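Contents: one structure, followed by commentary.
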Amino acid sequence: MTVLDLPARLKTPPVLPGKNQTSLRFRKENKVAYLFLIPWFVGLALFVLGPMAASLYLSLTDYNFLQPPEFVGFSNYIRMFLEDPRYLTSARVTATYVLISVPLQLGFALMLALLLDRAIRGSTLYRGIFYLPSLLGTSVAVAILWQQVFGQKGLLNSFLGIFGVDAQMSWVGNPDTALSTLVVLNVWTFGSPMIIFLAGLRQVPASLYEAAEVDGAGPVRRFISITLPLLSPIIFFNLILQTIHAFQAFVPAYIISGGLGGPADSTLFYTLYLYQEGFGSFDMGYACAMAWTLLLVIGAVTGINFLLSKYWVFYGDNA
C-alpha cells in the first residue's frame with residue numbers, strides 16, 4: 001500500500017486543537033498592550049521627539065525669542081569653532097573636568113568597595129554613610145556648602161591652620177584651583193558607583209581566589225588577574241554613566257562662579273556657557289547648535305568606549 005491508496009481523510013495533516021484560538025488571543029493581548037503604551041508614545045512625541053526636532057531646526061537659525069527664526073544654515077556651527085574663543089575655552093574646561101574627575105571618582109569608589117567587601121563590623125552602616133553623598137548629589141545646597149568649605153575663610157583653610165599653614169587664599173576664587181574644587185566635588189559623589197562595584201564584587205566566585213592563593217598568588221596578583229577582569233563589565237558600565245554625567249555638569253559651576261564661569265573662565269563648563277548664550281544673551285539658535293554639538297560629542301565618546309571595550313572588558317564567554 002502506498003500513500004496514494006490511503007483514504008482522503010488520512011492525507012490531510014491534523015490541525016492542532018486551539019491553534020487559531022491561541023493566535024487570536026495573542027493578537028488581542030498585543031492590542032491591549034499597545035493601548036496602554038499610547039500615553040507613552042504621545043509623551044515621547046510631544047516632549048522628546050518634537051522638542052528635539054524643533055531644536056535641530058533652531059540650531060540652523062538666528063533666533064532670539066523676540067523675532068521669528070531666520071534661517072542661517074550652518075553659521076552657528078562655523079561661529080562655534082572659528083569665531084568664538086569662549087566656546088573653545090568651555091570645551092577645554094569641560095574636557096579637562098571629565099578626563100580628571102571621572103577616573104578619580106571611579107578609582108575612589110572601587111577602593112572603598114574593596115574595603116567594604118571584607119567582612120568588617122558595621123559594614124552596612126558604612127555603606128549607608130558612604131552612599132549619602134550620592135543621594136545629595138551636586139545640588140544647589142551642596143554647591144553652596146562647597147563654596148563655603150573652599151572659601152577664603154572656609155573649613156579647608158581653618159584645617160590647614162591647625163598644621164601651621166597660613167592659607168588665606170580662596171580656593172574657588174583662584175583660577176589655578178577653582179576647577180580642582182569642582183573635581184573634588186564630583187569625586188565626593190562616589191556612592192552610586194561604589195554600590196554598583198560592591199554588588200559586582202559579591203558575584204566573583206570565592207573559589208577563584210582560593211585557587212589562586214593555593215598557587216601562591218598574592219593580593220595584588222589576585223586583584224589584577226581575577227578581580228579586575230571579572231569586574232570589567234561593571235567598570236565599563238560605571239564609566240559610561242559617569243562620563244555622560246560629567247559632560248552634563250552644570251549646577252556646581254553655576255553656583256560657585258555665580259553663573260559667570262569665573263574666575264577667568266576657569267569653571268566655564270560647556271553647559272554653563274550654553275545657558276549664558278541661550279538665557280543670558282537670548283541667542284537661542286546658537287545655544288541649540290551648542291546643545292546638538294554636545295549630544296554628538298557624548299554619542300561619539302560613548303561609541304568609542306564601546307569600540308575599545310572589546311580589548312579590555314571580559315564578559316566570561318570571551319575566548
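Ordered as shown in the C-alpha cells, chains take letters A, B, and onward, while each chain numbers its residues from 1 and ligands are numbered from 1 in the order shown.
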DSSP on the backbone: what in stretch 54-158 of chain A comes out strand (DSSP E), as a ChimeraX atom specification? /A:61-62,70-71
Please tabulate, as a Markdown table, the residues of stretch 76-194 of chain A that come within 12 Å of stretch 298-301 of chain A, each with its closest pair of atoms and the distance in Å to one decimal, counting only C-alpha atoms and ordering rows by chain, then residue number upward.
| residue | atom | partner | partner_atom | distance |
| --- | --- | --- | --- | --- |
| A:Thr94 | CA | A:Ile298 | CA | 11.9 |
| A:Ala95 | CA | A:Ile298 | CA | 11.1 |
| A:Val98 | CA | A:Val301 | CA | 11.3 |
| A:Leu99 | CA | A:Val301 | CA | 11.7 |
Would you put the residues from that selection into a file with C-alpha atoms, as a PDB file, in the first residue's frame?
ATOM      1  CA  THR A  94      34.771  70.503  30.279  1.00  0.00           C
ATOM      2  CA  ALA A  95      37.167  68.014  28.672  1.00  0.00           C
ATOM      3  CA  VAL A  98      35.748  64.844  32.500  1.00  0.00           C
ATOM      4  CA  LEU A  99      39.217  63.360  31.972  1.00  0.00           C
TER       5      LEU A  99
END
Just give me the gap between atom CA of A:Ala54 and atom CA of A:Met284 in Å, one decimal is fine.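 The value is 11.5 Å.
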Which residue out of A:Tyr315, A:Ser158, A:Leu228, A:Asp265 has the minimum interatomic distance to A:Pro85 when only C-alpha atoms are used?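 When distances to A:Pro85 are compared using only C-alpha atoms, the smallest one comes from A:Asp265.
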By how many Å are atom CA of A:Ile234 and atom CA of A:Ala246 apart?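 Separation of atom CA of A:Ile234 and atom CA of A:Ala246: 18.0 Å.
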7 Å contact set for stretch 65-79 of chain A, only C-alpha atoms, chain neighbours under 4 positions out, as a PyMOL selection string: chain A and resi 59-61+83-84+282+286+289
Using only N, CA and C atoms, please write the residues we just selected to a file, as a CSV table (one decimal), in the first residue's frame.
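Everything below was put into part_12.csv:
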chain,number,residue,atom,x,y,z
A,59,SER,N,18.8,75.3,15.6
A,59,SER,CA,20.2,75.4,15.5
A,59,SER,C,20.7,75.9,14.2
A,60,LEU,N,19.9,75.9,13.2
A,60,LEU,CA,20.2,76.4,11.9
A,60,LEU,C,19.6,77.8,11.6
A,61,THR,N,19.2,78.5,12.7
A,61,THR,CA,18.6,79.8,12.5
A,61,THR,C,19.2,80.8,13.5
A,83,GLU,N,35.0,81.3,15.4
A,83,GLU,CA,34.8,82.8,15.7
A,83,GLU,C,34.6,83.0,17.2
A,84,ASP,N,34.5,82.0,18.0
A,84,ASP,CA,34.1,82.1,19.4
A,84,ASP,C,35.2,81.5,20.3
A,282,PHE,N,20.1,85.5,25.0
A,282,PHE,CA,18.9,85.2,24.2
A,282,PHE,C,19.3,84.8,22.8
A,286,TYR,N,22.0,79.8,18.6
A,286,TYR,CA,23.4,79.4,18.9
A,286,TYR,C,23.4,78.4,20.0
A,289,ALA,N,22.5,75.0,18.7
A,289,ALA,CA,23.7,74.4,18.0
A,289,ALA,C,24.7,73.9,19.0
Taking a cut-off of 12 Å and counting only C-alpha atoms, can you build a table that, for each residue of stretch 241-319 of chain A near stretch 188-192 of chain A, reports the nearest atom pair and how far apart they are in Å (one decimal), sorted by chain then residue number, as a Markdown table?
| residue | atom | partner | partner_atom | distance |
| --- | --- | --- | --- | --- |
| A:Leu241 | CA | A:Ser192 | CA | 10.4 |
| A:Gln242 | CA | A:Ser192 | CA | 9.8 |
| A:His245 | CA | A:Thr189 | CA | 11.5 |
| A:Ala246 | CA | A:Thr189 | CA | 11.5 |
Write the residues of the preceding selection, restricted to N, CA and C atoms, as a PDB file, in the first residue's frame.
ATOM      1  N   LEU A 241      28.223  55.741  32.403  1.00  0.00           N
ATOM      2  CA  LEU A 241      27.270  56.587  33.123  1.00  0.00           C
ATOM      3  C   LEU A 241      27.922  57.847  33.684  1.00  0.00           C
ATOM      4  N   GLN A 242      29.075  57.683  34.326  1.00  0.00           N
ATOM      5  CA  GLN A 242      29.709  58.836  34.961  1.00  0.00           C
ATOM      6  C   GLN A 242      30.307  59.796  33.934  1.00  0.00           C
ATOM      7  N   HIS A 245      27.392  61.849  32.740  1.00  0.00           N
ATOM      8  CA  HIS A 245      27.014  62.759  33.824  1.00  0.00           C
ATOM      9  C   HIS A 245      28.002  63.922  33.933  1.00  0.00           C
ATOM     10  N   ALA A 246      29.286  63.656  33.777  1.00  0.00           N
ATOM     11  CA  ALA A 246      30.289  64.712  33.885  1.00  0.00           C
ATOM     12  C   ALA A 246      30.168  65.715  32.742  1.00  0.00           C
TER      13      ALA A 246
END
Write down as a ChimeraX atom specification the residues belonging to stretch 231-299 of chain A that are assigned helix (DSSP H, G or I) by DSSP computed on the backbone. /A:231-247,251-257,270-280,284-299
Atom-to-atom span, atom CA of A:Leu112 and atom CA of A:Arg221, Å: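 Computed distance, atom CA of A:Leu112 to atom CA of A:Arg221, equals 18.8 Å.
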Residues within 10 Å of A:Val204, please, as a PDB file with N, CA and C atoms, in the first residue's frame. Count only C-alpha atoms; anything in the same chain fewer than 3 positions from it doesn't count.
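Done, and the output landed in selection.pdb:
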ATOM      1  N   ALA A 199      28.271  45.402  44.518  1.00  0.00           N
ATOM      2  CA  ALA A 199      27.409  44.317  44.035  1.00  0.00           C
ATOM      3  C   ALA A 199      28.165  43.409  43.063  1.00  0.00           C
ATOM      4  N   GLY A 200      29.023  43.987  42.222  1.00  0.00           N
ATOM      5  CA  GLY A 200      29.816  43.181  41.306  1.00  0.00           C
ATOM      6  C   GLY A 200      30.836  42.323  42.022  1.00  0.00           C
ATOM      7  N   LEU A 201      31.440  42.844  43.070  1.00  0.00           N
ATOM      8  CA  LEU A 201      32.421  42.067  43.826  1.00  0.00           C
ATOM      9  C   LEU A 201      31.782  40.862  44.501  1.00  0.00           C
ATOM     10  N   SER A 207      35.890  30.682  45.044  1.00  0.00           N
ATOM     11  CA  SER A 207      36.765  29.550  44.701  1.00  0.00           C
ATOM     12  C   SER A 207      37.944  30.010  43.836  1.00  0.00           C
ATOM     13  N   LEU A 208      37.746  31.049  43.030  1.00  0.00           N
ATOM     14  CA  LEU A 208      38.848  31.546  42.199  1.00  0.00           C
ATOM     15  C   LEU A 208      39.957  32.128  43.062  1.00  0.00           C
ATOM     16  N   TYR A 209      39.577  32.879  44.078  1.00  0.00           N
ATOM     17  CA  TYR A 209      40.585  33.443  44.979  1.00  0.00           C
ATOM     18  C   TYR A 209      41.295  32.342  45.757  1.00  0.00           C
ATOM     19  N   ILE A 226      42.173  38.407  38.705  1.00  0.00           N
ATOM     20  CA  ILE A 226      40.828  37.887  38.950  1.00  0.00           C
ATOM     21  C   ILE A 226      39.803  39.013  39.093  1.00  0.00           C
ATOM     22  N   THR A 227      40.060  39.916  40.031  1.00  0.00           N
ATOM     23  CA  THR A 227      39.058  40.940  40.347  1.00  0.00           C
ATOM     24  C   THR A 227      38.809  41.875  39.171  1.00  0.00           C
ATOM     25  N   LEU A 230      37.003  40.155  36.014  1.00  0.00           N
ATOM     26  CA  LEU A 230      35.609  39.814  36.259  1.00  0.00           C
ATOM     27  C   LEU A 230      34.766  41.043  36.581  1.00  0.00           C
ATOM     28  N   LEU A 231      35.410  42.116  37.031  1.00  0.00           N
ATOM     29  CA  LEU A 231      34.684  43.344  37.350  1.00  0.00           C
ATOM     30  C   LEU A 231      34.675  44.323  36.175  1.00  0.00           C
TER      31      LEU A 231
END
Which residue gives the smallest distance to A:Leu114 among A:Leu274, A:Ile240, A:Val297, A:Met194, with only C-alpha atoms counted? A:Met194
Residues near A:Pro193, anyone? I mean within 7 Å using only C-alpha atoms, not counting same-chain ones fewer than 6 positions away, as a JSON list (two decimals) with C-alpha atoms, in the first residue's frame.
[["chain", "number", "residue", "atom", "x", "y", "z"],
["A", 106, "LEU", "CA", 35.70, 55.52, 39.82],
["A", 109, "ALA", "CA", 34.65, 54.21, 44.54],
["A", 238, "ASN", "CA", 30.08, 52.96, 35.57]]
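The neighbours of A:Leu116 here are the residues that come within 12 Å of it, using only C-alpha atoms and leaving out any residue fewer than 6 positions away in the same chain; they are Ala109, Leu110, Gly122, Ser123, Thr124, Leu125, Tyr126, Arg127, Gly128, Ile129, Phe130, Met194, Ile195, Phe197, Leu198, Ala199, Leu201 and Arg202 of chain A.
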Just-selected residues, N, CA and C atoms written as a JSON list (two decimals), in the first residue's frame:
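Contents of the output file selection_8.json:
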[["chain", "number", "residue", "atom", "x", "y", "z"],
["A", 109, "ALA", "N", 35.80, 55.06, 44.27],
["A", 109, "ALA", "CA", 34.65, 54.21, 44.54],
["A", 109, "ALA", "C", 35.04, 52.73, 44.58],
["A", 110, "LEU", "N", 35.93, 52.31, 43.68],
["A", 110, "LEU", "CA", 36.37, 50.92, 43.66],
["A", 110, "LEU", "C", 37.19, 50.59, 44.90],
["A", 122, "GLY", "N", 30.02, 46.55, 61.17],
["A", 122, "GLY", "CA", 29.41, 47.83, 60.81],
["A", 122, "GLY", "C", 29.49, 48.17, 59.34],
["A", 123, "SER", "N", 29.73, 47.19, 58.49],
["A", 123, "SER", "CA", 29.87, 47.47, 57.06],
["A", 123, "SER", "C", 28.58, 48.03, 56.47],
["A", 124, "THR", "N", 27.43, 47.56, 56.98],
["A", 124, "THR", "CA", 26.15, 48.07, 56.48],
["A", 124, "THR", "C", 26.01, 49.56, 56.79],
["A", 125, "LEU", "N", 26.41, 49.95, 58.00],
["A", 125, "LEU", "CA", 26.36, 51.37, 58.37],
["A", 125, "LEU", "C", 27.30, 52.19, 57.50],
["A", 126, "TYR", "N", 28.49, 51.67, 57.24],
["A", 126, "TYR", "CA", 29.45, 52.39, 56.41],
["A", 126, "TYR", "C", 28.93, 52.56, 54.98],
["A", 127, "ARG", "N", 28.26, 51.53, 54.47],
["A", 127, "ARG", "CA", 27.71, 51.63, 53.12],
["A", 127, "ARG", "C", 26.68, 52.76, 53.05],
["A", 128, "GLY", "N", 25.84, 52.85, 54.06],
["A", 128, "GLY", "CA", 24.84, 53.92, 54.08],
["A", 128, "GLY", "C", 25.48, 55.29, 54.17],
["A", 129, "ILE", "N", 26.52, 55.42, 55.00],
["A", 129, "ILE", "CA", 27.19, 56.71, 55.15],
["A", 129, "ILE", "C", 27.89, 57.11, 53.85],
["A", 130, "PHE", "N", 28.57, 56.16, 53.24],
["A", 130, "PHE", "CA", 29.29, 56.47, 52.00],
["A", 130, "PHE", "C", 28.35, 56.75, 50.83],
["A", 194, "MET", "N", 30.11, 53.17, 43.82],
["A", 194, "MET", "CA", 30.65, 52.29, 44.85],
["A", 194, "MET", "C", 29.69, 51.14, 45.13],
["A", 195, "ILE", "N", 28.39, 51.43, 45.23],
["A", 195, "ILE", "CA", 27.41, 50.38, 45.49],
["A", 195, "ILE", "C", 27.36, 49.39, 44.33],
["A", 197, "PHE", "N", 29.87, 48.72, 42.26],
["A", 197, "PHE", "CA", 31.10, 47.93, 42.35],
["A", 197, "PHE", "C", 30.96, 46.86, 43.42],
["A", 198, "LEU", "N", 30.38, 47.22, 44.55],
["A", 198, "LEU", "CA", 30.23, 46.27, 45.66],
["A", 198, "LEU", "C", 29.35, 45.10, 45.26],
["A", 199, "ALA", "N", 28.27, 45.40, 44.52],
["A", 199, "ALA", "CA", 27.41, 44.32, 44.04],
["A", 199, "ALA", "C", 28.16, 43.41, 43.06],
["A", 201, "LEU", "N", 31.44, 42.84, 43.07],
["A", 201, "LEU", "CA", 32.42, 42.07, 43.83],
["A", 201, "LEU", "C", 31.78, 40.86, 44.50],
["A", 202, "ARG", "N", 30.53, 41.03, 44.91],
["A", 202, "ARG", "CA", 29.85, 39.90, 45.57],
["A", 202, "ARG", "C", 29.55, 38.76, 44.60]]
Fewer than 4 positions away in the same chain doesn't count, so skip those; otherwise give me all residues within 8 Å of A:Ser266, counting only C-alpha atoms, as a count of residues only. 7
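Using only C-alpha atoms, the smallest distance between any of A:Asp215, A:Phe81, A:Leu185, A:Phe237 and A:Gln105 comes from A:Leu185.
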So, with only C-alpha atoms as the atoms that count, which of A:Val142, A:Ile38, A:Ile244, A:Ile256 lies closest to A:Leu296?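 Comparing A:Val142, A:Ile38, A:Ile244, A:Ile256 against A:Leu296, the winner is A:Ile244.
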Go through A:Gly161, A:Gly107, A:Gly173, A:Gly154 one by one, measure the shortest atom-to-atom distance of each to A:Gly258 using only C-alpha atoms, and give the residue with the smallest value.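 Answer, going by the shortest atom-to-atom distance: A:Gly173.
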